[in-house]
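Undergrad: So that you have it, the file is coords18.txt, and it contains compact mmCIF, C-alpha atoms:
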# COMPACT_ATOMS: atom_id res chain seq x y z
CA MET L 59 -43.31 -4.97 -10.44
CA SER L 60 -45.97 -5.54 -13.07
CA ALA L 61 -45.38 -1.94 -14.17
CA PHE L 62 -41.78 -2.79 -15.05
CA ALA L 63 -42.89 -5.97 -16.80
CA GLY L 64 -45.31 -3.87 -18.82
CA LEU L 65 -42.53 -1.39 -19.60
CA VAL L 66 -40.15 -4.10 -20.85
CA GLU L 67 -42.93 -5.82 -22.78
CA GLY L 68 -44.08 -2.53 -24.34
CA LEU L 69 -40.53 -1.75 -25.33
CA ALA L 70 -40.19 -5.24 -26.82
CA GLU L 71 -43.38 -4.74 -28.85
CA PHE L 72 -42.09 -1.35 -30.04
CA LEU L 73 -38.81 -2.95 -31.14
CA GLU L 74 -40.49 -5.97 -32.78
CA PRO L 75 -40.44 -4.54 -36.34
CA VAL L 76 -36.71 -3.92 -36.13
CA PHE L 77 -35.46 -6.88 -34.09
CA SER L 78 -38.24 -9.45 -34.77
CA GLY L 79 -37.50 -12.52 -32.61
CA SER L 80 -34.85 -10.78 -30.54
CA ALA L 81 -37.00 -7.78 -29.59
CA THR L 82 -37.26 -8.83 -25.93
CA ALA L 83 -33.50 -9.19 -25.65
CA ALA L 84 -33.07 -5.76 -27.24
CA ALA L 85 -35.61 -4.34 -24.78
CA ILE L 86 -33.61 -5.79 -21.87
CA VAL L 87 -30.39 -4.32 -23.26
CA LEU L 88 -32.03 -0.89 -23.72
CA PHE L 89 -33.54 -1.01 -20.22
CA THR L 90 -30.12 -1.88 -18.77
CA ALA L 91 -28.44 0.88 -20.78
CA PHE L 92 -31.05 3.36 -19.52
CA VAL L 93 -30.34 2.39 -15.91
CA ARG L 94 -26.60 2.74 -16.53
CA LEU L 95 -27.19 6.17 -18.07
CA LEU L 96 -29.19 7.24 -15.01
CA VAL L 97 -26.39 6.31 -12.63
CA HIS L 98 -23.58 7.63 -14.84
CA PRO L 99 -23.11 10.85 -12.80
CA LEU L 100 -22.75 8.72 -9.68
CA SER L 101 -20.25 6.46 -11.46
CA ARG L 102 -18.13 9.47 -12.39
CA ALA L 103 -18.19 10.69 -8.79
CA SER L 104 -17.28 7.19 -7.66
CA ALA L 105 -14.29 7.11 -10.00
CA ARG L 106 -13.10 10.45 -8.65
CA GLY L 107 -13.47 9.11 -5.10
CA GLN L 108 -11.52 5.97 -5.97
CA ARG L 109 -8.67 8.05 -7.41
CA ALA L 110 -8.63 10.20 -4.27
CA ARG L 111 -8.58 7.09 -2.03
CA ALA L 112 -5.76 5.61 -4.11
CA ALA L 113 -3.77 8.81 -3.61
CA LEU L 114 -4.23 8.41 0.17
CA GLN L 115 -2.91 4.83 0.25
CA PRO L 116 0.74 5.77 1.00
CA ARG L 117 -0.38 7.90 3.94
CA ILE L 118 -2.66 5.14 5.19
CA ALA L 119 0.27 2.71 4.99
CA GLU L 120 2.29 5.11 7.17
CA LEU L 121 -0.56 5.22 9.67
CA ARG L 122 -0.66 1.40 9.72
CA GLU L 123 3.03 1.31 10.56
CA LYS L 124 2.60 3.94 13.24
CA HIS L 125 -0.55 2.49 14.87
CA GLY L 126 -0.17 -1.17 13.90
CA LYS L 127 -0.47 -2.39 17.49
CA ASN L 128 -3.56 -0.32 18.33
CA PRO L 129 -6.52 -0.91 15.92
CA GLU L 130 -8.70 1.74 17.57
CA LYS L 131 -6.11 4.48 17.07
CA LEU L 132 -5.50 3.30 13.51
CA GLN L 133 -9.19 3.42 12.67
CA LYS L 134 -9.55 6.87 14.23
CA ALA L 135 -6.47 8.18 12.38
CA VAL L 136 -7.70 6.80 9.04
CA LEU L 137 -11.14 8.37 9.54
CA GLU L 138 -9.51 11.69 10.45
CA LEU L 139 -7.35 11.49 7.32
CA HIS L 140 -10.42 10.85 5.16
CA ALA L 141 -12.23 13.76 6.80
CA ALA L 142 -9.25 16.10 6.39
CA GLU L 143 -8.89 15.21 2.71
CA LYS L 144 -12.69 15.24 2.18
CA VAL L 145 -12.69 11.72 0.77
CA SER L 146 -15.50 9.31 1.55
CA PRO L 147 -14.43 5.71 2.13
CA LEU L 148 -17.81 4.49 0.81
CA SER L 149 -18.17 6.56 -2.36
CA GLY L 150 -17.41 3.62 -4.66
CA CYS L 151 -20.44 1.65 -3.41
CA LEU L 152 -23.16 4.15 -4.27
CA PRO L 153 -23.60 3.47 -8.02
CA SER L 154 -23.72 -0.27 -7.44
CA LEU L 155 -26.36 0.12 -4.78
CA PHE L 156 -28.59 2.14 -7.11
CA GLN L 157 -28.21 -0.35 -9.98
CA LEU L 158 -28.92 -3.47 -7.94
CA PRO L 159 -32.72 -3.04 -7.71
CA ALA L 160 -33.05 -2.70 -11.49
CA PHE L 161 -30.98 -5.82 -12.15
CA PHE L 162 -32.79 -7.82 -9.46
CA LEU L 163 -36.05 -6.70 -11.02
CA LEU L 164 -35.01 -7.93 -14.46
CA TYR L 165 -33.90 -11.25 -12.98
CA HIS L 166 -37.22 -11.57 -11.17
CA LEU L 167 -39.16 -10.77 -14.34
CA PHE L 168 -37.60 -13.71 -16.17
CA SER L 169 -37.49 -16.19 -13.33
CA ASN L 170 -41.14 -16.10 -12.19
CA ALA L 171 -44.04 -17.59 -14.09
CA ARG L 172 -46.52 -15.20 -12.47
CA ILE L 173 -46.33 -11.43 -12.03
CA GLY L 174 -48.93 -9.86 -9.85
CA ASP L 175 -52.24 -11.58 -10.50
CA GLY L 176 -51.53 -12.90 -13.99
CA ALA L 177 -49.17 -15.03 -15.99
CA ASN L 178 -45.82 -13.56 -16.99
CA SER L 179 -46.31 -12.85 -20.69
CA LEU L 180 -42.63 -11.96 -21.14
CA LEU L 181 -41.80 -15.65 -20.85
CA ALA L 182 -43.76 -16.36 -24.04
CA HIS L 183 -41.23 -14.35 -26.08
CA GLN L 184 -38.31 -16.02 -27.79
CA LEU L 185 -34.63 -15.33 -28.20
CA LEU L 186 -32.89 -17.10 -31.08
CA ALA L 187 -35.84 -19.50 -31.38
CA ALA L 188 -35.56 -20.50 -27.71
CA PRO L 189 -38.49 -19.59 -25.44
CA LEU L 190 -37.46 -17.26 -22.62
CA GLY L 191 -39.66 -19.20 -20.21
CA GLU L 192 -37.69 -22.41 -20.57
CA ARG L 193 -34.11 -23.55 -20.13
CA TRP L 194 -31.73 -23.15 -23.04
CA ALA L 195 -30.46 -26.71 -22.55
CA ASP L 196 -34.02 -28.06 -22.97
CA ALA L 197 -34.53 -25.97 -26.10
CA LEU L 198 -31.25 -27.19 -27.60
CA ARG L 199 -32.06 -30.79 -26.73
CA GLU L 200 -35.36 -30.50 -28.59
CA GLY L 201 -33.60 -29.09 -31.65
CA GLY L 202 -34.56 -25.45 -31.00
For this file, write the structure as structure tokens.
TA:
Amino acid sequence: MSAFAGLVEGLAEFLEPVFSGSATAAAIVLFTAFVRLLVHPLSRASARGQRARAALQPRIAELREKHGKNPEKLQKAVLELHAAEKVSPLSGCLPSLFQLPAFFLLYHLFSNARIGDGANSLLAHQLLAAPLGERWADALREGG
């Protein structure tokens, strides 16, 4: 995790001349955009899968009417329909699953005072004159 903290901090230092006090926020936005760019092909495939599943909904409704009393037969018929149409019922979940670790990592970077063996130096940065290591309400109360 300290490698990612170093990456975000290095990016913030690189952006410091352009964004000054908001360089860390810009680094977070760029890191997030990079993750979104990496999973973009999966997102496109997910959208195609969602359209295909939406097209199957009338047929699935017919199967529900036909097998409404027998859940096992209904489940089997729906799975067979998905297999016949070559549509995965889980394709919409894949991009979200790949993005989650990056977003949890960013949350962890800004919610822990220590990373690895040392202090979290990202928390010393500021955004709009409010320290990232403190609560915004406290900064506003103190006139920050």
Undergrad: What does the structure give for the distance between CA of Phe156 (chain L) and CA of Lys134 (chain L), in Å to one decimal?
TA: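 CA of Lys134 (chain L) lies 29.0 Å from CA of Phe156 (chain L).
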Undergrad: Which is closest to Leu167 (chain L) among L:Leu155, L:Leu181, L:Val97, L:Ala135, if we use all atoms listed in the file?
TA: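 Nearest candidate to Leu167 (chain L) out of L:Leu155, L:Leu181, L:Val97, L:Ala135: L:Leu181.
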Undergrad: Just how far from CA of Gly176 (chain L) is CA of Leu190 (chain L), in Å to one decimal?
TA: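 Computing it gives 17.1 Å between the two atoms.
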Undergrad: So which residues touch Ala160 (chain L) within 10 Å, counting all atoms listed in the file, skipping near sequence neighbours fewer than 2 positions away, as a PyMOL selection string?
TA: chain L and resi 62+89-90+93-94+155-158+162-166
Undergrad: Give me, as a list in words, all polymer residues having an atom no more than 10 Å from His140 (chain L), counting all atoms listed in the file and skipping those fewer than 4 positions away in the same chain.
TA: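 The filter keeps Ala110, Arg111, Leu114, Ile118, Lys134, Ala135, Val136, Lys144, Val145, Ser146 and Pro147 of chain L.
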Undergrad: Kindly give the distance, in Å, that separates CA of Ala85 (chain L) and CA of Asp175 (chain L), rounded to a single decimal.
TA: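 CA of Ala85 (chain L) sits 23.1 Å away from CA of Asp175 (chain L).
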Undergrad: Ranking L:Ile173, L:Leu100, L:Ala105, L:Ala63 by minimum distance to Ile86 (chain L) and counting only C-alpha atoms, which one comes first?
TA: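 Answer, going by the shortest atom-to-atom distance: L:Ala63.
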Undergrad: Using all atoms listed in the file, find the one residue out of L:Pro129, L:Phe161, L:Glu143, L:Glu74 that sits nearest to Ala91 (chain L).
TA: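 Among L:Pro129, L:Phe161, L:Glu143, L:Glu74, it is L:Phe161 that comes nearest to Ala91 (chain L).
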Undergrad: Set the distance at 12 Å and use all atoms listed in the file: which residues neighbour Ser179 (chain L) once local chain neighbours fewer than 5 positions away are removed? I'd like the list as a PyMOL selection string.
TA: chain L and resi 60+63-64+66-68+70-71+82+167-174+184+189-191
Undergrad: Deliver the residues from the most recent selection as a file, using C-alpha atoms, as a PDB file, keeping the file's coordinate frame.
TA:
ATOM      1  CA  SER L  60     -45.970  -5.540 -13.070  1.00  0.00           C
ATOM      2  CA  ALA L  63     -42.890  -5.970 -16.800  1.00  0.00           C
ATOM      3  CA  GLY L  64     -45.310  -3.870 -18.820  1.00  0.00           C
ATOM      4  CA  VAL L  66     -40.150  -4.100 -20.850  1.00  0.00           C
ATOM      5  CA  GLU L  67     -42.930  -5.820 -22.780  1.00  0.00           C
ATOM      6  CA  GLY L  68     -44.080  -2.530 -24.340  1.00  0.00           C
ATOM      7  CA  ALA L  70     -40.190  -5.240 -26.820  1.00  0.00           C
ATOM      8  CA  GLU L  71     -43.380  -4.740 -28.850  1.00  0.00           C
ATOM      9  CA  THR L  82     -37.260  -8.830 -25.930  1.00  0.00           C
ATOM     10  CA  LEU L 167     -39.160 -10.770 -14.340  1.00  0.00           C
ATOM     11  CA  PHE L 168     -37.600 -13.710 -16.170  1.00  0.00           C
ATOM     12  CA  SER L 169     -37.490 -16.190 -13.330  1.00  0.00           C
ATOM     13  CA  ASN L 170     -41.140 -16.100 -12.190  1.00  0.00           C
ATOM     14  CA  ALA L 171     -44.040 -17.590 -14.090  1.00  0.00           C
ATOM     15  CA  ARG L 172     -46.520 -15.200 -12.470  1.00  0.00           C
ATOM     16  CA  ILE L 173     -46.330 -11.430 -12.030  1.00  0.00           C
ATOM     17  CA  GLY L 174     -48.930  -9.860  -9.850  1.00  0.00           C
ATOM     18  CA  GLN L 184     -38.310 -16.020 -27.790  1.00  0.00           C
ATOM     19  CA  PRO L 189     -38.490 -19.590 -25.440  1.00  0.00           C
ATOM     20  CA  LEU L 190     -37.460 -17.260 -22.620  1.00  0.00           C
ATOM     21  CA  GLY L 191     -39.660 -19.200 -20.210  1.00  0.00           C
TER      22      GLY L 191
END
